[in-house]
Amino acid sequence: MSHTPPEAPQDSLPPLLAAPPWIKAPRDPEPVVLKGLKAPVIPTAVFWAPGEREEWTAKAREEYPPLGDTDWDARAEAFANGTIQAEEIRRRRQLAFDLLLYGPEEHGRALLADERYRNDLSGTFVLRGVVARHELAALPLVLHQDNQWTVSPFLDAQMAQYLLKHKDNSFSHPAKDWFVKHGPAAIALIVPDALRRPGPKRARAEDHIRAVADAHGGAAVLEAVRPYGEEAVQAIAALGIDPLDRYPIPLPEIDFDLASLPPVLLRDRTHRLPEPAVRHLVTMLLISTPTEPYAGVEPVVAACDPGSLAEFAWALYVADESRPRWTPPGIEYALRRLGDDGTAARLGPIIARWDKATSWYNGGTSALGVLTSIGTDGALRQLHRLAQKAKDKKRIRPYAQSALDRIAREQGLSAAQLADRLVPDLGLDPDGSLTLDYGPRRFIVGFDEHLKPYVADEDGNRRTSLPKPGVRDDADLAPLAHQRFTALKKEVRTVAADQVSRLESAMVAGRRWTPEEFRTVFLDHPLLWHIARRLVWKSGPTEFRVAEDRTLADVHDDALALAAPVELPHPLRLDALDTWSELFADYEILQPFPQLGRTVHTLTDKERDAARLERFEGGTVHFGKILGLADRGWKLGDKETGGFHRHISLRLAEERHLVIDLDPGVRVISPDEFATQELRRVTLSTTSYGRGERPFSDLDPVTVSELLATLTTLTTS
């Protein structure tokens, strides 16, 4: 039986949990204010980062290639005497930047000194090129344009003050970048601002000092402050030069019953954290945010057991009652940093149930960041399910899909390829079986072609089901094995339903896999190969099936090797449809969804040349069927007067949408108020709102067939 390890001795604890900074040396909550400090006056200097000057020049010249007119003297004279002002401003700007980027430097300096043209010369990239070429001569123009993105090379007290007045609300901002680039030398220019009375300017100065300390080291910053005196050095040090000293005063109150939380174990799992250390850990998490975690968390994580940390983070989430936000930033950070597959499996279904109030007003979309931060295949599977099935179609579904698309791009995959890789093997052996250990006896669990489970004992004898643990079975192993079997059956049903739906969509869309992808995704997968063998596939012109031994056979049952991309063909794309139908009937193969026996629909000659499907117009449907379409990829139109959705559309191809106009429309607040909806117009348009009609002949036969099948089902009682 499992037991709780004893408390860790004090000398074995991570130092930050034994004596965190707020215990070891509490910080004075009152900020130090020193009056009378004066920043040094230094001449303006120019410093370039490696490659920076060359990059600025190249981008500017790419934006403004040379005009080819090299009568520079005449051009410069036209600017000097003002006759150039007769030119339209766009042309005047082009001529000016041409002169500044390519002309003689003396002409460029003269133009930069002429205040008449400073309002004309705007644009970040080209200004950077001007700065790269003319350096200090370009500084008055940069300051006149108030362009923070072009001041990077200049260092002086005026520049420090200029940037200090700009609020920084991003991770990468010109002010922050400037201070980090120039480092302690820049910090020396704003010490008086960092030690003035509290206010926005002091707060910005403190932020820049901390950023430079992170980049260049706290010791270098304090050395730059030393000319102001030892009192200033101590005051700057108290601003959080050491990241471990960056904590709020007062610290957040801890409302959790710490004794009720699961234990956090040290890395070797032989000891658990005592309650004071747990309190310090909770404090570290609560003062963290997903974008600004407390620096002490990482060394603590390195010293503790990952599994117990994941359980602890989840217990914090469950115990927290400080709504309305779905969870406080500190606990969100804990889930992101400490969570694992188990966290994702618990959180995913919760997010799936959230409505608009939670996902929007309570910041619930940020919970998707927990899944992407965990980043395991299990977490991404939860994200994929949310993209397909979350209750909130307006935010959670598209946000989840956007996150998946981004992850796929980062991995060099399409969204469909990423989904292929996320199909779980559920811990099954390559042959699709699993051994369950009861101690004195073992059972082999497998799945047939319909993914229904079967059980065999060690002698190979089939049983109707897995027996319940008996008195002779191991008291620990047997119950766990039985629970594993129960969970496995549920997991397989979920995987099967998801993959059957996805494969049917792939058939309609005409998706293709490379031969290697087909083998990896289907033939080598312990579950998917069962689904694959109940379908007909196509590689180039060759149609084939997957045989019982996972080899490939054509319509004549001859073996074959894949030499071309593989697709799952719609019956309209099968050459030997009748022969395959007979073969599958002979082998008693039941398909997971209609492929060979799928009903095919076609347009009439009149409909092919028209933009409307009049045969469906005037029909009436229950509003529930309309909402059902929205669950399958259709898009309800924007809310109109009276709170009605008066059309619904489906994107079929680029600039091709089927649009159904509804009367009276589905009312958002009470859709059952007008339960019966009339299909007034059914139109193929270039937009989702019905503008730009196109003939149905623009669509391929498979799209037409599936579309007509949907409309037929919709209008059939």
# chains A, B, ... in the order shown; residues from 1 in each chain; ligands from 1
$ select_by_dssp --residues "range 150-374 of chain A" --states "helix (DSSP H, G or I)" --output "PyMOL selection string"
chain A and resi 150+157-164+174-182+184-187+191-194+200-216+218-228+230-237+243-245+258-260+275-286+297-303+306-319+329-338+341-353+356-361+364-374
$ residues_around --residues "range 370-387 of chain A" --least-positions-apart "5" --cutoff "6 Å" --atoms "only C-alpha atoms" --output "PyMOL selection string"
chain A and resi 336+341+344+348+352+397+400-401+422
$ atom_distance --atom1 "CA of Val221 in chain A" --atom2 "CA of Ala203 in chain A"
17.0 Å
$ residues_around --residues "Ala357 in chain A" --least-positions-apart "4" --cutoff "10 Å" --atoms "only C-alpha atoms" --output "list in words"
Pro324, Tyr361, Asn362, Gly363, Gly364 and Asp392 of chain A
$ closest_residue --among "A:Phe79, A:Phe518, A:Phe97, A:Phe312" --to "Pro66 in chain A" --atoms "only C-alpha atoms"
A:Phe97
$ residues_around --residues "Val126 in chain A" --least-positions-apart "2" --cutoff "8 Å" --atoms "only C-alpha atoms" --output "NGL selection string"
:A and (59-61 or 63-64 or 97 or 122-124 or 128-130)
$ residues_around --residues "Ile626 in chain A" --least-positions-apart "3" --cutoff "12 Å" --atoms "only C-alpha atoms" --output "PyMOL selection string"
chain A and resi 620-623+629-637+645-650+660-663+665-667+671-672+675-679+710-711+713-715
$ closest_atom_pairs --of "range 195-289 of chain A" --to "range 27-39 of chain A" --cutoff "7 Å" --atoms "only C-alpha atoms" --output "CSV"
residue,atom,partner,partner_atom,distance
A:Leu195,CA,A:Val33,CA,5.0
A:Arg196,CA,A:Val33,CA,5.3
A:Arg197,CA,A:Val33,CA,5.8
A:Ala235,CA,A:Val32,CA,6.0
A:Ile249,CA,A:Pro29,CA,6.0
$ write_last_selection --atoms "C-alpha atoms" --output "mmCIF file, in the first residue's frame"
data_model
loop_
_atom_site.group_PDB
_atom_site.id
_atom_site.type_symbol
_atom_site.label_atom_id
_atom_site.label_comp_id
_atom_site.auth_asym_id
_atom_site.auth_seq_id
_atom_site.Cartn_x
_atom_site.Cartn_y
_atom_site.Cartn_z
ATOM 1 C CA LEU A 195 15.304 57.422 -6.467
ATOM 2 C CA ARG A 196 12.851 60.292 -6.831
ATOM 3 C CA ARG A 197 9.460 60.334 -5.127
ATOM 4 C CA ALA A 235 18.824 52.105 -2.416
ATOM 5 C CA ILE A 249 4.920 44.052 -0.262
#
$ closest_residue --among "A:Leu338, A:Leu527, A:Leu266, A:Ala497" --to "Ser433 in chain A" --atoms "only C-alpha atoms"
A:Leu527
$ atom_distance --atom1 "CA of Val225 in chain A" --atom2 "CA of Ile209 in chain A"
10.6 Å
$ closest_residue --among "A:Leu285, A:Leu428, A:Leu309, A:Leu528" --to "Leu273 in chain A" --atoms "only C-alpha atoms"
A:Leu309
$ atom_distance --atom1 "CA of Pro40 in chain A" --atom2 "CA of Glu230 in chain A"
16.9 Å
$ closest_atom_pairs --of "range 348-463 of chain A" --to "range 584-607 of chain A" --cutoff "12 Å" --atoms "only C-alpha atoms" --output "Markdown table"
| residue | atom | partner | partner_atom | distance |
| --- | --- | --- | --- | --- |
| A:Glu449 | CA | A:Ile589 | CA | 8.9 |
| A:His450 | CA | A:Pro592 | CA | 7.9 |
| A:Leu451 | CA | A:Pro592 | CA | 10.4 |
$ closest_residue --among "A:Phe443, A:Pro569, A:Ala132, A:Arg246" --to "Ser505 in chain A" --atoms "only C-alpha atoms"
A:Pro569
$ closest_residue --among "A:Ala310, A:Leu708, A:Val682, A:Ala224" --to "Pro262 in chain A" --atoms "only C-alpha atoms"
A:Ala310
$ decode --residues "range 384-507 of chain A" --atoms "C-alpha atoms" --output "PDB file, in the first residue's frame"
ATOM      1  CA  HIS A 384      -7.436  19.384 -30.579  1.00  0.00           C
ATOM      2  CA  ARG A 385     -10.637  18.129 -28.955  1.00  0.00           C
ATOM      3  CA  LEU A 386     -11.430  21.655 -27.778  1.00  0.00           C
ATOM      4  CA  ALA A 387     -10.985  22.956 -31.318  1.00  0.00           C
ATOM      5  CA  GLN A 388     -13.595  20.447 -32.451  1.00  0.00           C
ATOM      6  CA  LYS A 389     -16.041  20.097 -29.582  1.00  0.00           C
ATOM      7  CA  ALA A 390     -15.821  22.944 -27.045  1.00  0.00           C
ATOM      8  CA  LYS A 391     -19.176  24.413 -26.064  1.00  0.00           C
ATOM      9  CA  ASP A 392     -17.971  27.954 -26.790  1.00  0.00           C
ATOM     10  CA  LYS A 393     -17.799  28.060 -30.597  1.00  0.00           C
ATOM     11  CA  LYS A 394     -16.912  31.745 -30.815  1.00  0.00           C
ATOM     12  CA  ARG A 395     -13.776  31.790 -28.716  1.00  0.00           C
ATOM     13  CA  ILE A 396     -12.528  28.502 -27.278  1.00  0.00           C
ATOM     14  CA  ARG A 397     -12.852  26.571 -30.555  1.00  0.00           C
ATOM     15  CA  PRO A 398     -11.134  29.135 -32.822  1.00  0.00           C
ATOM     16  CA  TYR A 399      -8.520  30.024 -30.186  1.00  0.00           C
ATOM     17  CA  ALA A 400      -7.682  26.340 -29.751  1.00  0.00           C
ATOM     18  CA  GLN A 401      -7.464  25.818 -33.504  1.00  0.00           C
ATOM     19  CA  SER A 402      -5.267  28.888 -33.871  1.00  0.00           C
ATOM     20  CA  ALA A 403      -2.922  27.514 -31.216  1.00  0.00           C
ATOM     21  CA  LEU A 404      -2.761  24.156 -33.010  1.00  0.00           C
ATOM     22  CA  ASP A 405      -2.073  25.864 -36.333  1.00  0.00           C
ATOM     23  CA  ARG A 406       0.786  27.817 -34.765  1.00  0.00           C
ATOM     24  CA  ILE A 407       2.280  24.683 -33.195  1.00  0.00           C
ATOM     25  CA  ALA A 408       1.972  22.839 -36.516  1.00  0.00           C
ATOM     26  CA  ARG A 409       3.796  25.659 -38.334  1.00  0.00           C
ATOM     27  CA  GLU A 410       6.553  25.635 -35.729  1.00  0.00           C
ATOM     28  CA  GLN A 411       6.999  21.901 -36.330  1.00  0.00           C
ATOM     29  CA  GLY A 412       6.865  22.267 -40.112  1.00  0.00           C
ATOM     30  CA  LEU A 413       3.551  20.396 -40.353  1.00  0.00           C
ATOM     31  CA  SER A 414       0.050  21.054 -41.568  1.00  0.00           C
ATOM     32  CA  ALA A 415      -2.738  21.042 -38.993  1.00  0.00           C
ATOM     33  CA  ALA A 416      -3.904  17.672 -40.361  1.00  0.00           C
ATOM     34  CA  GLN A 417      -0.408  16.186 -40.082  1.00  0.00           C
ATOM     35  CA  LEU A 418      -0.153  17.346 -36.483  1.00  0.00           C
ATOM     36  CA  ALA A 419      -3.537  15.746 -35.753  1.00  0.00           C
ATOM     37  CA  ASP A 420      -2.199  12.473 -37.210  1.00  0.00           C
ATOM     38  CA  ARG A 421       0.703  12.527 -34.786  1.00  0.00           C
ATOM     39  CA  LEU A 422      -1.569  13.163 -31.830  1.00  0.00           C
ATOM     40  CA  VAL A 423      -3.579   9.945 -32.182  1.00  0.00           C
ATOM     41  CA  PRO A 424      -2.675   8.084 -28.955  1.00  0.00           C
ATOM     42  CA  ASP A 425      -1.494   4.495 -28.885  1.00  0.00           C
ATOM     43  CA  LEU A 426      -2.930   4.217 -25.337  1.00  0.00           C
ATOM     44  CA  GLY A 427       0.088   2.242 -24.194  1.00  0.00           C
ATOM     45  CA  LEU A 428      -0.752  -0.740 -26.419  1.00  0.00           C
ATOM     46  CA  ASP A 429       1.904  -2.997 -27.871  1.00  0.00           C
ATOM     47  CA  PRO A 430       2.556  -2.698 -31.636  1.00  0.00           C
ATOM     48  CA  ASP A 431       0.205  -5.624 -32.274  1.00  0.00           C
ATOM     49  CA  GLY A 432      -2.568  -3.755 -30.460  1.00  0.00           C
ATOM     50  CA  SER A 433      -2.546  -5.837 -27.283  1.00  0.00           C
ATOM     51  CA  LEU A 434      -1.934  -5.085 -23.611  1.00  0.00           C
ATOM     52  CA  THR A 435      -0.944  -7.395 -20.768  1.00  0.00           C
ATOM     53  CA  LEU A 436      -2.795  -6.822 -17.502  1.00  0.00           C
ATOM     54  CA  ASP A 437      -1.082  -8.223 -14.417  1.00  0.00           C
ATOM     55  CA  TYR A 438      -3.171  -9.586 -11.550  1.00  0.00           C
ATOM     56  CA  GLY A 439      -0.109 -11.031  -9.790  1.00  0.00           C
ATOM     57  CA  PRO A 440      -0.586 -14.813  -9.904  1.00  0.00           C
ATOM     58  CA  ARG A 441      -2.342 -14.553 -13.283  1.00  0.00           C
ATOM     59  CA  ARG A 442      -2.169 -12.356 -16.347  1.00  0.00           C
ATOM     60  CA  PHE A 443      -4.581 -11.499 -19.137  1.00  0.00           C
ATOM     61  CA  ILE A 444      -4.050 -10.293 -22.686  1.00  0.00           C
ATOM     62  CA  VAL A 445      -6.425  -7.585 -23.880  1.00  0.00           C
ATOM     63  CA  GLY A 446      -6.800  -6.830 -27.585  1.00  0.00           C
ATOM     64  CA  PHE A 447      -9.251  -5.273 -30.023  1.00  0.00           C
ATOM     65  CA  ASP A 448     -10.972  -6.661 -33.092  1.00  0.00           C
ATOM     66  CA  GLU A 449     -11.528  -4.887 -36.404  1.00  0.00           C
ATOM     67  CA  HIS A 450     -14.478  -3.005 -34.907  1.00  0.00           C
ATOM     68  CA  LEU A 451     -12.268  -1.930 -31.958  1.00  0.00           C
ATOM     69  CA  LYS A 452     -14.323  -3.988 -29.564  1.00  0.00           C
ATOM     70  CA  PRO A 453     -12.175  -5.429 -26.743  1.00  0.00           C
ATOM     71  CA  TYR A 454     -11.483  -9.090 -26.191  1.00  0.00           C
ATOM     72  CA  VAL A 455      -9.716 -10.821 -23.302  1.00  0.00           C
ATOM     73  CA  ALA A 456      -7.554 -13.945 -23.338  1.00  0.00           C
ATOM     74  CA  ASP A 457      -5.849 -15.760 -20.489  1.00  0.00           C
ATOM     75  CA  GLU A 458      -2.201 -16.830 -20.545  1.00  0.00           C
ATOM     76  CA  ASP A 459      -3.144 -20.047 -22.388  1.00  0.00           C
ATOM     77  CA  GLY A 460      -4.822 -18.072 -25.167  1.00  0.00           C
ATOM     78  CA  ASN A 461      -8.362 -18.943 -24.146  1.00  0.00           C
ATOM     79  CA  ARG A 462     -10.846 -16.186 -24.982  1.00  0.00           C
ATOM     80  CA  ARG A 463     -13.049 -14.862 -22.203  1.00  0.00           C
ATOM     81  CA  THR A 464     -16.203 -12.800 -22.473  1.00  0.00           C
ATOM     82  CA  SER A 465     -14.765 -10.085 -20.228  1.00  0.00           C
ATOM     83  CA  LEU A 466     -11.966  -9.329 -17.811  1.00  0.00           C
ATOM     84  CA  PRO A 467     -12.725 -10.988 -14.458  1.00  0.00           C
ATOM     85  CA  LYS A 468     -12.956  -8.952 -11.308  1.00  0.00           C
ATOM     86  CA  PRO A 469     -10.013  -9.287  -8.908  1.00  0.00           C
ATOM     87  CA  GLY A 470     -10.284 -12.297  -6.612  1.00  0.00           C
ATOM     88  CA  VAL A 471      -8.998 -13.052  -3.142  1.00  0.00           C
ATOM     89  CA  ARG A 472      -5.945 -14.851  -4.550  1.00  0.00           C
ATOM     90  CA  ASP A 473      -4.961 -11.943  -6.777  1.00  0.00           C
ATOM     91  CA  ASP A 474      -2.465  -9.305  -5.730  1.00  0.00           C
ATOM     92  CA  ALA A 475      -4.263  -6.709  -3.618  1.00  0.00           C
ATOM     93  CA  ASP A 476      -2.437  -3.800  -5.301  1.00  0.00           C
ATOM     94  CA  LEU A 477      -1.880  -5.014  -8.876  1.00  0.00           C
ATOM     95  CA  ALA A 478      -5.262  -6.555  -9.633  1.00  0.00           C
ATOM     96  CA  PRO A 479      -7.499  -3.539  -8.846  1.00  0.00           C
ATOM     97  CA  LEU A 480      -5.170  -1.247 -10.806  1.00  0.00           C
ATOM     98  CA  ALA A 481      -5.220  -3.629 -13.770  1.00  0.00           C
ATOM     99  CA  HIS A 482      -9.018  -3.823 -13.716  1.00  0.00           C
ATOM    100  CA  GLN A 483      -9.287  -0.025 -13.530  1.00  0.00           C
ATOM    101  CA  ARG A 484      -6.856   0.216 -16.448  1.00  0.00           C
ATOM    102  CA  PHE A 485      -9.087  -2.047 -18.544  1.00  0.00           C
ATOM    103  CA  THR A 486     -12.202  -0.008 -17.755  1.00  0.00           C
ATOM    104  CA  ALA A 487     -10.430   3.243 -18.664  1.00  0.00           C
ATOM    105  CA  LEU A 488      -8.924   1.687 -21.797  1.00  0.00           C
ATOM    106  CA  LYS A 489     -12.322   0.688 -23.182  1.00  0.00           C
ATOM    107  CA  LYS A 490     -13.575   4.242 -22.771  1.00  0.00           C
ATOM    108  CA  GLU A 491     -10.420   5.724 -24.303  1.00  0.00           C
ATOM    109  CA  VAL A 492     -10.637   3.423 -27.328  1.00  0.00           C
ATOM    110  CA  ARG A 493     -14.272   4.386 -27.936  1.00  0.00           C
ATOM    111  CA  THR A 494     -13.288   8.063 -27.856  1.00  0.00           C
ATOM    112  CA  VAL A 495     -10.310   7.573 -30.167  1.00  0.00           C
ATOM    113  CA  ALA A 496     -12.357   5.487 -32.593  1.00  0.00           C
ATOM    114  CA  ALA A 497     -15.165   8.052 -32.795  1.00  0.00           C
ATOM    115  CA  ASP A 498     -12.727  10.927 -33.313  1.00  0.00           C
ATOM    116  CA  GLN A 499     -10.704   9.140 -35.996  1.00  0.00           C
ATOM    117  CA  VAL A 500     -13.704   7.809 -37.921  1.00  0.00           C
ATOM    118  CA  SER A 501     -15.081  11.336 -38.121  1.00  0.00           C
ATOM    119  CA  ARG A 502     -11.697  12.723 -39.142  1.00  0.00           C
ATOM    120  CA  LEU A 503     -11.192  10.092 -41.846  1.00  0.00           C
ATOM    121  CA  GLU A 504     -14.629  10.718 -43.316  1.00  0.00           C
ATOM    122  CA  SER A 505     -13.757  14.428 -43.536  1.00  0.00           C
ATOM    123  CA  ALA A 506     -10.417  13.533 -45.143  1.00  0.00           C
ATOM    124  CA  MET A 507     -12.258  11.444 -47.755  1.00  0.00           C
TER     125      MET A 507
END
